[in-house]
Structure formats: C-alpha cells, structure tokens
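Asks: Provided herewith is a single structure, encoded as structure tokens, for subsequent inquiry.
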There are 2 protein chains.
Amino acid sequence: MEKPANTNRNISENIKNRWSPRAFDGKPIEEGKLLSILEAGRWAASAFNEQPWRFVVGKKGDEKYEKILASLIEWNRQWAGEAPVLILNLAKRTFTRNGKPNTTALYDLGQAVAGMAIEAVNQELITHQMSGFDMEKAETLLAVSDDFQAVSVMAVGTAGNIKNLSEDMQQMETSTRERKTIEELLF
Amino acid sequence: MEKPANTNRNISENIKNRWSPRAFDGKPIEEGKLLSILEAGRWAASAFNEQPWRFVVGKKGDEKYEKILASLIEWNRQWAGEAPVLILNLAKRTFTRNGKPNTTALYDLGQAVAGMAIEAVNQELITHQMSGFDMEKAETLLAVSDDFQAVSVMAVGTAGNIKNLSEDMQQMETSTRERKTIEELLF
C-alpha cells in the first residue's frame, strides 16, 4: 500500500513516499539494500562530525532480533515481528574528543535515521520507527554500555498485505496522514 | 563546489550530494524552493505524530535573520552572514496531548531537519547546520516560549565561491569528508 504525503509542492519522491506502515510481508531483505540504508545514515551531518549514531541490526531468526523484539511494547510486538529486520538506534551520550555531554546526540541520531528511512524508500522498502519500547530492557538485553542510549527501533522490510493486521491496525493503515500546516510550524 | 559522499554503494543522489559547505553566493532563494524545504520537514516521522519541530525563518535583511545571526558564535558568523536564509530549529519539550516531557523531541526535530537538508539538494541549494550558537541568546532575542528549545541553526542558500572565505575555511571546504565505517557503527 502506498500513502504519499498529501502535498502539491515539489518535493523529492523518496521523501514524499516515506511513511510508517505496519504490514510487512515477512520476506528477508537483500543484504545490499540493508547496506545502502546504513550507508545513507553514515553520511548524515553531526555536531563536530562526532557521528554519535550506533546501530544494533537484528535479522529475523537471530538473537539480536529476538532481544530487540522482546523490548517492544505489546502493541508494537504484534506487527513488528513480521519485519525481517529490526534496528535498535543508539546515541552516544558524550563527545569522544573530550568526554563532555553531547547535547545534540539525539538530534544527530534522528538525522541519520531519517536518511536511512528516506533511503529505504529508494530501495523499495518500508520502515516504521518506534519509541514504544522498553529502553532499559533493550540496553540490558543487548549489553549496551553506559555511554550509549537506546532511542528508537526501526522495522525495515517489504510491504505486506494489511489484511494480515488486526482490524484496529487496518483502520490506522488506511487513515489519512495528518500534519500541521507550514504556518503552524513557523514561530 | 560539489563534494559527494565517497561511496560505491547505491544510495540516492540527494543523500549522496548533501554536505555542509560554508561558501554561499549571497543571492536570495526562491520562495517556492524554501517552501519545498519546509514541506519536506513537515512530513517527517515523529513519536505519536507530535511533530515537535518549529522553525524561525530569517531572510537576509529582516529582523529575524539579524537575531539568529547575532546568536551564532563568531566563527559561524563569519561565513553564515552570506547565506540568504537562516533557520532556527526549535523542539517542543512536552507532548501537547498530555503535557508530559517528550524525550524524543530532539530526535524528531533532527529527522525533520535532515529531510529539509536532503530536499534542499533536490532544490539545487546548499545547507549547513550549526550547533555553534548561543541557544539562550537566540531564545531571548526571538522571544521563544519556555516550552520550546533552540537546538540548531541551518543556513540555506546557493553555493558560492570558496575563494571568498578565509584561508583556514577554504582548507576545510576542500578537505576530504570523513566518516566511521559501517563496521564501527554496528554495535
């Protein structure tokens, strides 16, 4: 199912067509496509080029995948378990060069993951990011060191049939995408 | 000057060609292009679709521009004053639906601005984000209310001649873009 942004403005197709579906077809994704997605994240901008983004890539069937899945809230676990790849996105809390707190680490991580989500569209894949997971549980299960913070999980895969979702989820999948107007965003 | 990401992987051109130049030609940008950039940010993903991103758009010659410019550190003020547009990026600290702290507000803002930076490439413009500014000064000068946090400033414009930059900046413009390897990013 496609659900392009409802806009008449000229914006790039990959941005226009990115959205967050819940219906995955369960098939594995090509390694090359996964690497292209990570590569897009890799080239994001960051303060002092710290690149505070780190990723735990779980592939369905492996232990990392099971641990990321187990950290999701029940609602997300229902659908995300059909995604072939779950990526746990981590932010490094401090600057490597001086050990000081990096106040834009989450902001920079968001930029990297946004690039990955946009690149996924280019790779004809879908993504769905979640903040609905137990961050501490994920950090513990995956033995994440103290200097890193679990921020989000991104499901990656190929679009599936929404009929395989529960009825309430099916409704969410077909509902209109809503956004504030540009006027509301301008301060 | 172009400085594409040094990669053999198949990634979209707009992501590959985004980088953070300092040489602007000083010419104003078309309003339609600016709106396309904001539109790209508008459609970013966010936790509970809160859309915690807000923007102060300063155009060279107006008061907002002068205030954003005045909040930059000296180093950034040297080159950013040639950009026709300076956007102050703000994050809303709390969820509108329940007033609770939004722990992914910076992450979500980062996603919106990343989309804007990628869209700018599509519009044949350049962008350069800065965390090097006095956040409190920006918030005070622009009367930003307590629920919003100034996180970054993005210069937007058309590429100019690097010969107009100071010598040390010219060197930075032509230096190789460095990133960690994918292996270093995988936890």
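If you're wondering about the labels, chains in the structure tokens are A, B, ... by order shown, residues count from 1 in each chain, ligands from 1 in order shown.
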When you get a sec, could you note down which chain A residues fall within 8 Å of chain B, using only C-alpha atoms, as a PDB file with C-alpha atoms, in the first residue's frame?

Replies:
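Output below, filename iface.pdb:
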ATOM      1  CA  ALA A   5       2.308  12.832   1.510  1.00  0.00           C
ATOM      2  CA  ARG A   9       4.573  21.154  -3.509  1.00  0.00           C
ATOM      3  CA  ASN A  10       7.523  19.916  -5.455  1.00  0.00           C
ATOM      4  CA  ILE A  11       9.369  17.592  -3.078  1.00  0.00           C
ATOM      5  CA  SER A  12      11.531  14.568  -3.866  1.00  0.00           C
ATOM      6  CA  ILE A  15      10.555  11.960   0.925  1.00  0.00           C
ATOM      7  CA  LYS A  16       7.016  12.152  -0.405  1.00  0.00           C
ATOM      8  CA  TRP A  19       5.526   6.704   5.636  1.00  0.00           C
ATOM      9  CA  SER A  20       5.287   4.248   8.527  1.00  0.00           C
ATOM     10  CA  LEU A  35      23.915  -1.782   3.498  1.00  0.00           C
ATOM     11  CA  SER A  36      22.658   1.073   1.308  1.00  0.00           C
ATOM     12  CA  ILE A  37      20.324   2.096   4.120  1.00  0.00           C
ATOM     13  CA  LEU A  38      23.137   2.085   6.670  1.00  0.00           C
ATOM     14  CA  GLU A  39      25.349   3.932   4.212  1.00  0.00           C
ATOM     15  CA  ALA A  40      22.763   6.706   3.914  1.00  0.00           C
ATOM     16  CA  ARG A  42      26.538   7.059   7.797  1.00  0.00           C
ATOM     17  CA  TRP A  43      26.794  10.241   5.728  1.00  0.00           C
ATOM     18  CA  ALA A  44      24.449  12.328   7.874  1.00  0.00           C
ATOM     19  CA  ALA A  45      25.576  15.624   9.389  1.00  0.00           C
ATOM     20  CA  ALA A  47      27.958  18.323  15.526  1.00  0.00           C
ATOM     21  CA  ASN A  49      31.311  15.288  12.965  1.00  0.00           C
ATOM     22  CA  GLN A  51      28.625  10.726  14.351  1.00  0.00           C
ATOM     23  CA  TRP A  53      24.813   7.104  15.934  1.00  0.00           C
ATOM     24  CA  ARG A  54      25.220   3.375  16.519  1.00  0.00           C
ATOM     25  CA  PHE A  55      23.020   0.529  15.364  1.00  0.00           C
ATOM     26  CA  VAL A  56      22.172  -2.970  16.504  1.00  0.00           C
ATOM     27  CA  VAL A  57      20.873  -4.744  13.407  1.00  0.00           C
ATOM     28  CA  THR A 104      22.721  17.183  20.188  1.00  0.00           C
ATOM     29  CA  LEU A 106      19.657  12.575  19.840  1.00  0.00           C
ATOM     30  CA  TYR A 107      19.191  15.260  17.222  1.00  0.00           C
ATOM     31  CA  ASP A 108      22.093  13.886  15.196  1.00  0.00           C
ATOM     32  CA  LEU A 109      20.882  10.303  15.593  1.00  0.00           C
ATOM     33  CA  GLY A 110      17.492  11.437  14.303  1.00  0.00           C
ATOM     34  CA  GLN A 111      19.176  12.864  11.228  1.00  0.00           C
ATOM     35  CA  ALA A 112      20.978   9.623  10.489  1.00  0.00           C
ATOM     36  CA  VAL A 113      17.837   7.512  10.897  1.00  0.00           C
ATOM     37  CA  ALA A 114      15.787   9.946   8.805  1.00  0.00           C
ATOM     38  CA  GLY A 115      18.302   9.481   5.997  1.00  0.00           C
ATOM     39  CA  GLU A 119      16.953   5.745   1.518  1.00  0.00           C
ATOM     40  CA  ASN A 122      14.713   4.461  -2.691  1.00  0.00           C
ATOM     41  CA  GLN A 129      10.152   3.761  13.676  1.00  0.00           C
ATOM     42  CA  MET A 130       9.050   3.165  17.238  1.00  0.00           C
ATOM     43  CA  SER A 131       9.716   4.904  20.513  1.00  0.00           C
ATOM     44  CA  VAL A 151      16.431   5.883  21.494  1.00  0.00           C
ATOM     45  CA  ARG A 179       0.380  17.089   9.614  1.00  0.00           C
ATOM     46  CA  LYS A 180       0.390  20.626  10.958  1.00  0.00           C
ATOM     47  CA  THR A 181       0.385  23.313   8.275  1.00  0.00           C
ATOM     48  CA  ILE A 182       3.605  25.162   7.493  1.00  0.00           C
ATOM     49  CA  LEU A 185       5.279  25.311  12.280  1.00  0.00           C
ATOM     50  CA  LEU A 186       6.626  28.826  11.809  1.00  0.00           C
ATOM     51  CA  PHE A 187       7.442  30.615  15.005  1.00  0.00           C
TER      52      PHE A 187
END

Asks: Find the residues around Met172 of chain B up to 12 Å (only C-alpha atoms counted), leave out those fewer than 5 positions away in its own chain, and share them as a list in words.

Replies: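 Counting only the stated atoms, we get Lys3, Ser20, Pro21, Arg22, Ala23, Ile162, Leu165, Ser166, Glu167, Arg177 and Glu178 of chain B.
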
Asks: Any chance you can output those residues with N, CA and C atoms as an mmCIF file, in the first residue's frame?

Replies:
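Saved to result_37.cif:
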data_model
loop_
_atom_site.group_PDB
_atom_site.id
_atom_site.type_symbol
_atom_site.label_atom_id
_atom_site.label_comp_id
_atom_site.auth_asym_id
_atom_site.auth_seq_id
_atom_site.Cartn_x
_atom_site.Cartn_y
_atom_site.Cartn_z
ATOM 1 N N LYS B 3 30.827 17.880 -3.396
ATOM 2 C CA LYS B 3 31.646 17.036 -2.529
ATOM 3 C C LYS B 3 30.824 15.800 -2.152
ATOM 4 N N SER B 20 27.975 20.048 3.900
ATOM 5 C CA SER B 20 27.782 21.293 4.653
ATOM 6 C C SER B 20 28.815 22.335 4.261
ATOM 7 N N PRO B 21 28.595 22.963 3.090
ATOM 8 C CA PRO B 21 29.558 23.977 2.637
ATOM 9 C C PRO B 21 29.413 25.274 3.429
ATOM 10 N N ARG B 22 30.428 26.103 3.351
ATOM 11 C CA ARG B 22 30.385 27.415 4.006
ATOM 12 C C ARG B 22 30.347 28.570 3.002
ATOM 13 N N ALA B 23 30.543 28.266 1.725
ATOM 14 C CA ALA B 23 30.593 29.345 0.726
ATOM 15 C C ALA B 23 29.228 29.532 0.062
ATOM 16 N N ILE B 162 34.485 29.514 -3.040
ATOM 17 C CA ILE B 162 35.199 29.338 -1.771
ATOM 18 C C ILE B 162 36.334 30.350 -1.603
ATOM 19 N N LEU B 165 36.105 32.890 1.113
ATOM 20 C CA LEU B 165 36.246 32.504 2.514
ATOM 21 C C LEU B 165 37.670 32.766 2.993
ATOM 22 N N SER B 166 37.837 32.798 4.311
ATOM 23 C CA SER B 166 39.183 32.937 4.870
ATOM 24 C C SER B 166 39.996 31.694 4.500
ATOM 25 N N GLU B 167 41.305 31.782 4.597
ATOM 26 C CA GLU B 167 42.165 30.692 4.133
ATOM 27 C C GLU B 167 41.933 29.387 4.895
ATOM 28 N N ARG B 177 35.803 14.417 3.148
ATOM 29 C CA ARG B 177 34.740 14.136 4.118
ATOM 30 C C ARG B 177 35.026 12.785 4.767
ATOM 31 N N GLU B 178 35.110 12.777 6.086
ATOM 32 C CA GLU B 178 35.452 11.556 6.810
ATOM 33 C C GLU B 178 34.241 11.018 7.564
#

Asks: Write down as an NGL selection string the residues of segment 15-56 of chain A whose backbone DSSP state falls under strand (DSSP E).

Replies: :A and (53-56)

Asks: Could you tell me, as a ChimeraX atom specification, which residues of segment 2-161 of chain B DSSP assigns to alpha helix (DSSP H) when given the backbone?

Replies: /B:13-16,31-42,63-71,74-80,105-122,135-141

Asks: Can you move chain B onto chain A by a least-squares fit over all C-alpha atoms paired in order, then give me the moved copy as a PDB file with C-alpha atoms, in the first residue's frame?

Replies:
ATOM      1  CA  MET B   1      -0.035  -0.006  -0.011  1.00  0.00           C
ATOM      2  CA  GLU B   2       1.227   3.466  -0.835  1.00  0.00           C
ATOM      3  CA  LYS B   3       0.374   6.564   1.106  1.00  0.00           C
ATOM      4  CA  PRO B   4       2.241   9.527  -0.351  1.00  0.00           C
ATOM      5  CA  ALA B   5       2.318  12.823   1.513  1.00  0.00           C
ATOM      6  CA  ASN B   6      -0.716  14.880   0.553  1.00  0.00           C
ATOM      7  CA  THR B   7       1.140  17.791  -0.980  1.00  0.00           C
ATOM      8  CA  ASN B   8       1.114  19.789  -4.173  1.00  0.00           C
ATOM      9  CA  ARG B   9       4.583  21.153  -3.502  1.00  0.00           C
ATOM     10  CA  ASN B  10       7.529  19.909  -5.447  1.00  0.00           C
ATOM     11  CA  ILE B  11       9.376  17.584  -3.064  1.00  0.00           C
ATOM     12  CA  SER B  12      11.519  14.560  -3.861  1.00  0.00           C
ATOM     13  CA  GLU B  13       9.703  11.287  -4.390  1.00  0.00           C
ATOM     14  CA  ASN B  14      11.614   9.419  -1.698  1.00  0.00           C
ATOM     15  CA  ILE B  15      10.542  11.956   0.927  1.00  0.00           C
ATOM     16  CA  LYS B  16       6.997  12.152  -0.402  1.00  0.00           C
ATOM     17  CA  ASN B  17       6.574   8.378  -0.328  1.00  0.00           C
ATOM     18  CA  ARG B  18       8.096   7.662   3.068  1.00  0.00           C
ATOM     19  CA  TRP B  19       5.530   6.688   5.636  1.00  0.00           C
ATOM     20  CA  SER B  20       5.288   4.232   8.525  1.00  0.00           C
ATOM     21  CA  PRO B  21       3.296   1.153   7.541  1.00  0.00           C
ATOM     22  CA  ARG B  22       2.733  -1.800   9.852  1.00  0.00           C
ATOM     23  CA  ALA B  23       2.101  -4.506   7.244  1.00  0.00           C
ATOM     24  CA  PHE B  24       5.275  -6.394   6.325  1.00  0.00           C
ATOM     25  CA  ASP B  25       5.335  -9.422   4.062  1.00  0.00           C
ATOM     26  CA  GLY B  26       7.883 -11.208   6.245  1.00  0.00           C
ATOM     27  CA  LYS B  27      10.399 -11.865   3.447  1.00  0.00           C
ATOM     28  CA  PRO B  28      14.082 -11.186   4.153  1.00  0.00           C
ATOM     29  CA  ILE B  29      15.648  -8.143   2.517  1.00  0.00           C
ATOM     30  CA  GLU B  30      18.738  -8.191   0.327  1.00  0.00           C
ATOM     31  CA  GLU B  31      21.965  -7.526   2.197  1.00  0.00           C
ATOM     32  CA  GLY B  32      22.940  -4.883  -0.391  1.00  0.00           C
ATOM     33  CA  LYS B  33      19.778  -2.912   0.310  1.00  0.00           C
ATOM     34  CA  LEU B  34      20.369  -3.042   4.043  1.00  0.00           C
ATOM     35  CA  LEU B  35      23.911  -1.784   3.496  1.00  0.00           C
ATOM     36  CA  SER B  36      22.652   1.071   1.312  1.00  0.00           C
ATOM     37  CA  ILE B  37      20.318   2.091   4.126  1.00  0.00           C
ATOM     38  CA  LEU B  38      23.128   2.079   6.681  1.00  0.00           C
ATOM     39  CA  GLU B  39      25.349   3.934   4.208  1.00  0.00           C
ATOM     40  CA  ALA B  40      22.758   6.705   3.910  1.00  0.00           C
ATOM     41  CA  GLY B  41      22.765   7.070   7.707  1.00  0.00           C
ATOM     42  CA  ARG B  42      26.534   7.067   7.805  1.00  0.00           C
ATOM     43  CA  TRP B  43      26.787  10.247   5.730  1.00  0.00           C
ATOM     44  CA  ALA B  44      24.445  12.328   7.878  1.00  0.00           C
ATOM     45  CA  ALA B  45      25.577  15.619   9.398  1.00  0.00           C
ATOM     46  CA  SER B  46      26.521  15.827  13.077  1.00  0.00           C
ATOM     47  CA  ALA B  47      27.956  18.331  15.537  1.00  0.00           C
ATOM     48  CA  PHE B  48      31.775  18.284  15.273  1.00  0.00           C
ATOM     49  CA  ASN B  49      31.315  15.287  12.971  1.00  0.00           C
ATOM     50  CA  GLU B  50      31.007  13.152  16.107  1.00  0.00           C
ATOM     51  CA  GLN B  51      28.630  10.727  14.347  1.00  0.00           C
ATOM     52  CA  PRO B  52      27.017   9.705  17.652  1.00  0.00           C
ATOM     53  CA  TRP B  53      24.809   7.112  15.944  1.00  0.00           C
ATOM     54  CA  ARG B  54      25.212   3.381  16.515  1.00  0.00           C
ATOM     55  CA  PHE B  55      23.026   0.533  15.363  1.00  0.00           C
ATOM     56  CA  VAL B  56      22.166  -2.969  16.489  1.00  0.00           C
ATOM     57  CA  VAL B  57      20.882  -4.744  13.407  1.00  0.00           C
ATOM     58  CA  GLY B  58      18.698  -7.738  14.177  1.00  0.00           C
ATOM     59  CA  LYS B  59      17.696 -10.124  11.406  1.00  0.00           C
ATOM     60  CA  LYS B  60      14.717 -12.381  11.882  1.00  0.00           C
ATOM     61  CA  GLY B  61      15.916 -15.635  13.381  1.00  0.00           C
ATOM     62  CA  ASP B  62      18.977 -14.247  15.129  1.00  0.00           C
ATOM     63  CA  GLU B  63      19.458 -13.456  18.785  1.00  0.00           C
ATOM     64  CA  LYS B  64      19.711  -9.678  18.362  1.00  0.00           C
ATOM     65  CA  TYR B  65      16.373  -9.611  16.590  1.00  0.00           C
ATOM     66  CA  GLU B  66      14.711 -11.570  19.380  1.00  0.00           C
ATOM     67  CA  LYS B  67      16.136  -9.222  22.007  1.00  0.00           C
ATOM     68  CA  ILE B  68      15.011  -6.084  20.190  1.00  0.00           C
ATOM     69  CA  LEU B  69      11.569  -7.613  19.620  1.00  0.00           C
ATOM     70  CA  ALA B  70      11.303  -8.586  23.287  1.00  0.00           C
ATOM     71  CA  SER B  71      11.923  -4.964  24.309  1.00  0.00           C
ATOM     72  CA  LEU B  72       8.975  -3.612  22.283  1.00  0.00           C
ATOM     73  CA  ILE B  73       5.677  -2.779  23.916  1.00  0.00           C
ATOM     74  CA  GLU B  74       2.960  -5.356  23.268  1.00  0.00           C
ATOM     75  CA  TRP B  75       1.195  -3.222  20.632  1.00  0.00           C
ATOM     76  CA  ASN B  76       4.338  -2.887  18.532  1.00  0.00           C
ATOM     77  CA  ARG B  77       5.322  -6.516  19.034  1.00  0.00           C
ATOM     78  CA  GLN B  78       2.076  -7.582  17.372  1.00  0.00           C
ATOM     79  CA  TRP B  79       3.082  -6.246  13.957  1.00  0.00           C
ATOM     80  CA  ALA B  80       6.852  -5.662  14.140  1.00  0.00           C
ATOM     81  CA  GLY B  81       7.577  -9.373  14.473  1.00  0.00           C
ATOM     82  CA  GLU B  82       6.751  -9.734  10.764  1.00  0.00           C
ATOM     83  CA  ALA B  83       9.530  -7.327   9.776  1.00  0.00           C
ATOM     84  CA  PRO B  84      12.672  -9.131   8.575  1.00  0.00           C
ATOM     85  CA  VAL B  85      14.955  -6.516  10.156  1.00  0.00           C
ATOM     86  CA  LEU B  86      14.729  -4.589  13.422  1.00  0.00           C
ATOM     87  CA  ILE B  87      17.351  -1.912  14.021  1.00  0.00           C
ATOM     88  CA  LEU B  88      17.942  -0.559  17.519  1.00  0.00           C
ATOM     89  CA  ASN B  89      19.171   3.031  17.210  1.00  0.00           C
ATOM     90  CA  LEU B  90      21.599   4.224  19.870  1.00  0.00           C
ATOM     91  CA  ALA B  91      23.048   7.651  20.646  1.00  0.00           C
ATOM     92  CA  LYS B  92      26.481   8.159  22.201  1.00  0.00           C
ATOM     93  CA  ARG B  93      25.999  10.429  25.196  1.00  0.00           C
ATOM     94  CA  THR B  94      29.412  12.108  25.196  1.00  0.00           C
ATOM     95  CA  PHE B  95      31.863  13.574  22.708  1.00  0.00           C
ATOM     96  CA  THR B  96      34.725  11.197  22.029  1.00  0.00           C
ATOM     97  CA  ARG B  97      37.238  14.060  21.704  1.00  0.00           C
ATOM     98  CA  ASN B  98      36.706  15.463  25.210  1.00  0.00           C
ATOM     99  CA  GLY B  99      34.226  13.285  27.115  1.00  0.00           C
ATOM    100  CA  LYS B 100      31.766  16.161  27.536  1.00  0.00           C
ATOM    101  CA  PRO B 101      27.995  15.581  27.213  1.00  0.00           C
ATOM    102  CA  ASN B 102      26.804  15.760  23.612  1.00  0.00           C
ATOM    103  CA  THR B 103      23.588  17.773  23.848  1.00  0.00           C
ATOM    104  CA  THR B 104      22.728  17.186  20.185  1.00  0.00           C
ATOM    105  CA  ALA B 105      23.375  13.421  20.154  1.00  0.00           C
ATOM    106  CA  LEU B 106      19.669  12.581  19.855  1.00  0.00           C
ATOM    107  CA  TYR B 107      19.198  15.263  17.232  1.00  0.00           C
ATOM    108  CA  ASP B 108      22.094  13.876  15.198  1.00  0.00           C
ATOM    109  CA  LEU B 109      20.881  10.301  15.591  1.00  0.00           C
ATOM    110  CA  GLY B 110      17.501  11.450  14.307  1.00  0.00           C
ATOM    111  CA  GLN B 111      19.178  12.866  11.230  1.00  0.00           C
ATOM    112  CA  ALA B 112      20.982   9.609  10.488  1.00  0.00           C
ATOM    113  CA  VAL B 113      17.843   7.506  10.900  1.00  0.00           C
ATOM    114  CA  ALA B 114      15.785   9.942   8.805  1.00  0.00           C
ATOM    115  CA  GLY B 115      18.305   9.476   5.997  1.00  0.00           C
ATOM    116  CA  MET B 116      18.020   5.718   6.408  1.00  0.00           C
ATOM    117  CA  ALA B 117      14.221   5.845   6.244  1.00  0.00           C
ATOM    118  CA  ILE B 118      14.346   8.004   3.104  1.00  0.00           C
ATOM    119  CA  GLU B 119      16.952   5.739   1.516  1.00  0.00           C
ATOM    120  CA  ALA B 120      14.776   2.726   2.302  1.00  0.00           C
ATOM    121  CA  VAL B 121      12.077   4.200   0.042  1.00  0.00           C
ATOM    122  CA  ASN B 122      14.710   4.459  -2.687  1.00  0.00           C
ATOM    123  CA  GLN B 123      15.417   0.752  -2.113  1.00  0.00           C
ATOM    124  CA  GLU B 124      11.694  -0.009  -2.437  1.00  0.00           C
ATOM    125  CA  LEU B 125      11.471  -0.986   1.212  1.00  0.00           C
ATOM    126  CA  ILE B 126       9.288   0.260   4.035  1.00  0.00           C
ATOM    127  CA  THR B 127      10.294   1.388   7.523  1.00  0.00           C
ATOM    128  CA  HIS B 128       8.457   2.085  10.731  1.00  0.00           C
ATOM    129  CA  GLN B 129      10.152   3.750  13.675  1.00  0.00           C
ATOM    130  CA  MET B 130       9.054   3.159  17.232  1.00  0.00           C
ATOM    131  CA  SER B 131       9.723   4.895  20.505  1.00  0.00           C
ATOM    132  CA  GLY B 132       7.314   2.438  22.104  1.00  0.00           C
ATOM    133  CA  PHE B 133       9.800   0.051  23.659  1.00  0.00           C
ATOM    134  CA  ASP B 134      11.496  -0.506  27.005  1.00  0.00           C
ATOM    135  CA  MET B 135      14.787   1.334  26.523  1.00  0.00           C
ATOM    136  CA  GLU B 136      16.365  -0.065  29.683  1.00  0.00           C
ATOM    137  CA  LYS B 137      15.334  -3.588  28.804  1.00  0.00           C
ATOM    138  CA  ALA B 138      16.854  -3.201  25.325  1.00  0.00           C
ATOM    139  CA  GLU B 139      20.063  -1.786  26.790  1.00  0.00           C
ATOM    140  CA  THR B 140      20.306  -4.643  29.305  1.00  0.00           C
ATOM    141  CA  LEU B 141      19.450  -7.465  26.902  1.00  0.00           C
ATOM    142  CA  LEU B 142      21.939  -6.197  24.339  1.00  0.00           C
ATOM    143  CA  ALA B 143      24.616  -5.258  26.898  1.00  0.00           C
ATOM    144  CA  VAL B 144      24.760  -1.638  25.712  1.00  0.00           C
ATOM    145  CA  SER B 145      27.480   0.237  27.606  1.00  0.00           C
ATOM    146  CA  ASP B 146      26.603   3.244  29.782  1.00  0.00           C
ATOM    147  CA  ASP B 147      27.836   5.801  27.262  1.00  0.00           C
ATOM    148  CA  PHE B 148      25.100   4.812  24.807  1.00  0.00           C
ATOM    149  CA  GLN B 149      21.389   5.416  24.989  1.00  0.00           C
ATOM    150  CA  ALA B 150      18.708   3.363  23.223  1.00  0.00           C
ATOM    151  CA  VAL B 151      16.436   5.890  21.498  1.00  0.00           C
ATOM    152  CA  SER B 152      14.307   4.143  18.882  1.00  0.00           C
ATOM    153  CA  VAL B 153      13.713   0.935  16.990  1.00  0.00           C
ATOM    154  CA  MET B 154      13.182   0.875  13.240  1.00  0.00           C
ATOM    155  CA  ALA B 155      11.474  -2.017  11.491  1.00  0.00           C
ATOM    156  CA  VAL B 156      12.646  -2.499   7.888  1.00  0.00           C
ATOM    157  CA  GLY B 157      11.211  -4.759   5.225  1.00  0.00           C
ATOM    158  CA  THR B 158       8.943  -5.177   2.257  1.00  0.00           C
ATOM    159  CA  ALA B 159       5.333  -4.040   2.241  1.00  0.00           C
ATOM    160  CA  GLY B 160       2.784  -6.745   3.013  1.00  0.00           C
ATOM    161  CA  ASN B 161      -0.970  -7.146   2.943  1.00  0.00           C
ATOM    162  CA  ILE B 162      -2.810  -5.057   5.504  1.00  0.00           C
ATOM    163  CA  LYS B 163      -5.460  -7.800   5.740  1.00  0.00           C
ATOM    164  CA  ASN B 164      -3.005  -9.699   7.920  1.00  0.00           C
ATOM    165  CA  LEU B 165      -3.185  -6.991  10.564  1.00  0.00           C
ATOM    166  CA  SER B 166      -5.752  -6.746  13.341  1.00  0.00           C
ATOM    167  CA  GLU B 167      -8.849  -4.712  12.478  1.00  0.00           C
ATOM    168  CA  ASP B 168      -7.909  -1.649  14.514  1.00  0.00           C
ATOM    169  CA  MET B 169      -4.491  -1.600  12.866  1.00  0.00           C
ATOM    170  CA  GLN B 170      -6.030  -1.935   9.416  1.00  0.00           C
ATOM    171  CA  GLN B 171      -8.006   1.220  10.122  1.00  0.00           C
ATOM    172  CA  MET B 172      -4.840   3.059  11.132  1.00  0.00           C
ATOM    173  CA  GLU B 173      -3.098   1.935   7.953  1.00  0.00           C
ATOM    174  CA  THR B 174      -5.778   3.401   5.722  1.00  0.00           C
ATOM    175  CA  SER B 175      -6.430   6.599   7.676  1.00  0.00           C
ATOM    176  CA  THR B 176      -5.298   9.927   6.260  1.00  0.00           C
ATOM    177  CA  ARG B 177      -1.806  11.138   7.147  1.00  0.00           C
ATOM    178  CA  GLU B 178      -2.179  14.338   9.156  1.00  0.00           C
ATOM    179  CA  ARG B 179       0.377  17.084   9.620  1.00  0.00           C
ATOM    180  CA  LYS B 180       0.392  20.627  10.977  1.00  0.00           C
ATOM    181  CA  THR B 181       0.385  23.321   8.289  1.00  0.00           C
ATOM    182  CA  ILE B 182       3.608  25.167   7.497  1.00  0.00           C
ATOM    183  CA  GLU B 183       2.056  28.251   9.110  1.00  0.00           C
ATOM    184  CA  GLU B 184       1.620  26.339  12.378  1.00  0.00           C
ATOM    185  CA  LEU B 185       5.280  25.323  12.285  1.00  0.00           C
ATOM    186  CA  LEU B 186       6.639  28.828  11.818  1.00  0.00           C
ATOM    187  CA  PHE B 187       7.447  30.594  15.040  1.00  0.00           C
TER     188      PHE B 187
END
